[in-house]
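Since the structure comes first, as structure tokens, the remarks are kept for the end.
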Amino acid sequence: MSRRVVLSVAAGVVVLGGAGAFALAYAGEQPPSVAHSAARYAAPDGDRSGSLTFTTDVKVSSGIKDVKVLAWPANSTFAKKGLTAKDMAAVDSAVCKPSGEDTVRCTYSATVTRADAEASPRGLWHVAVLATAKDGETTLDTKAADFTVA
């Protein structure tokens, strides 16, 4: 084999190896991904309080720091101006438990009193999720799940 061919092959291996290393490093720094989200709303009935329960799976390679959850009516100001991560800063957090490699199952539950239900707008509601990884990467899903207040 000629010296020129050997140098070309060696240079190609170095370039491909570097690209592969970069791809692996980048793959490890992906932002959290939110999947399999579901919300269940039960209105108060008689003397019994109602509830809102939301579950979601969050996959993140660096580990999860926090998962914030906010239920919001579809006809609110968020629908017009858009919900941001800043809007999610002071909302409640979900409880997360490991459920597989790089994945946690997060659950948020809230009691709904009769007064809460009577003051709430009727119709479609969305549940927003802000997932923050330990490395600081975030993902905001403003419509992770829906439910209806009748």
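By convention in this document, the chains of the structure tokens carry letters A, B, ... by their order, each chain's residues are numbered from 1, and ligands are numbered from 1 in the order they are shown.
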**Report entry** Spatial neighbours of Asp47 (chain A), max dist 12 Å, only C-alpha atoms, sep filter under 5 positions, as a VMD selection string
**Finding:** chain A and resid 112 to 115
Find the residues around Leu52 (chain A) up to 7 Å (only C-alpha atoms counted), leave out those fewer than 5 positions away in its own chain, and share them as a tab-separated table (two decimals) with all heavy atoms, in the first residue's frame.
```tsv
chain	number	residue	atom	x	y	z
A	40	ARG	N	-55.79	12.61	35.83
A	40	ARG	CA	-57.10	12.12	36.22
A	40	ARG	C	-57.69	13.11	37.22
A	40	ARG	O	-57.09	13.40	38.26
A	40	ARG	CB	-57.01	10.74	36.85
A	40	ARG	CG	-58.38	10.10	37.06
A	40	ARG	CD	-58.28	8.66	37.49
A	40	ARG	NE	-58.00	8.43	38.89
A	40	ARG	CZ	-58.77	8.76	39.91
A	40	ARG	NH1	-59.86	9.44	39.72
A	40	ARG	NH2	-58.43	8.46	41.13
A	41	TYR	N	-58.85	13.65	36.86
A	41	TYR	CA	-59.55	14.62	37.71
A	41	TYR	C	-60.83	13.99	38.22
A	41	TYR	O	-61.60	13.41	37.43
A	41	TYR	CB	-59.87	15.89	36.92
A	41	TYR	CG	-60.74	16.87	37.67
A	41	TYR	CD1	-60.20	17.68	38.66
A	41	TYR	CD2	-62.09	16.98	37.39
A	41	TYR	CE1	-60.99	18.58	39.36
A	41	TYR	CE2	-62.90	17.88	38.08
A	41	TYR	CZ	-62.34	18.67	39.06
A	41	TYR	OH	-63.14	19.56	39.74
A	42	ALA	N	-61.06	14.10	39.52
A	42	ALA	CA	-62.31	13.65	40.13
A	42	ALA	C	-62.89	14.83	40.90
A	42	ALA	O	-62.24	15.37	41.81
A	42	ALA	CB	-62.06	12.46	41.06
A	109	SER	N	-50.16	14.83	43.09
A	109	SER	CA	-51.55	14.71	43.55
A	109	SER	C	-51.95	15.96	44.30
A	109	SER	O	-51.15	16.51	45.07
A	109	SER	CB	-51.71	13.49	44.47
A	109	SER	OG	-51.43	12.31	43.78
A	110	ALA	N	-53.18	16.39	44.08
A	110	ALA	CA	-53.71	17.56	44.79
A	110	ALA	C	-55.16	17.28	45.16
A	110	ALA	O	-55.91	16.67	44.40
A	110	ALA	CB	-53.64	18.80	43.90
A	111	THR	N	-55.53	17.73	46.34
A	111	THR	CA	-56.91	17.64	46.79
A	111	THR	C	-57.69	18.81	46.19
A	111	THR	O	-57.20	19.94	46.14
A	111	THR	CB	-56.98	17.69	48.32
A	111	THR	OG1	-56.23	16.60	48.84
A	111	THR	CG2	-58.41	17.62	48.83
A	112	VAL	N	-58.90	18.53	45.74
A	112	VAL	CA	-59.78	19.56	45.18
A	112	VAL	C	-60.98	19.69	46.10
A	112	VAL	O	-61.81	18.77	46.20
A	112	VAL	CB	-60.23	19.19	43.75
A	112	VAL	CG1	-61.14	20.27	43.19
A	112	VAL	CG2	-59.03	18.97	42.85
```
**Report entry** Atom pair CA of Thr103 (chain A) / CA of Trp125 (chain A): separation (Å)
**Finding:**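 One can read the CA of Thr103 (chain A) to CA of Trp125 (chain A) distance as 26.4 Å.
Distance annotation: of A:Lys86, A:Arg105, A:His36, A:Lys65, the residue with the minimal separation from Leu140 (chain A) is A:Lys86; atom set is only C-alpha atoms.
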Query - Residue nearest Ala133 (chain A) among A:Ala79, A:Ala94, A:Ala74, A:Val67 (counting only C-alpha atoms) - result: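 Among the listed residues, the smallest separation from Ala133 (chain A) belongs to A:Val67.
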Report task. Please provide the set of residues having any atom within 8 Å of Asp146 (chain A), restricted to only C-alpha atoms, with same-chain residues fewer than 2 positions apart removed, written as a list of chain:residue names. Result ->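 My reading of the contact set: A:Ala38, A:Ala39, A:Leu124, A:Trp125, A:His126, A:Val127, A:Lys143, A:Ala144, A:Thr148.
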Query - All strand (DSSP E) residues (DSSP, backbone) inside region 11-131 of chain A, as a ChimeraX atom specification - result: /A:33-42,50-59,64-73,95-100,103-112,123-131
**Report entry** d(CA of Val104 (chain A), CA of Ala145 (chain A)) in Å
**Finding:**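 Taking CA of Val104 (chain A) as the start and CA of Ala145 (chain A) as the end point, the length is 17.3 Å.
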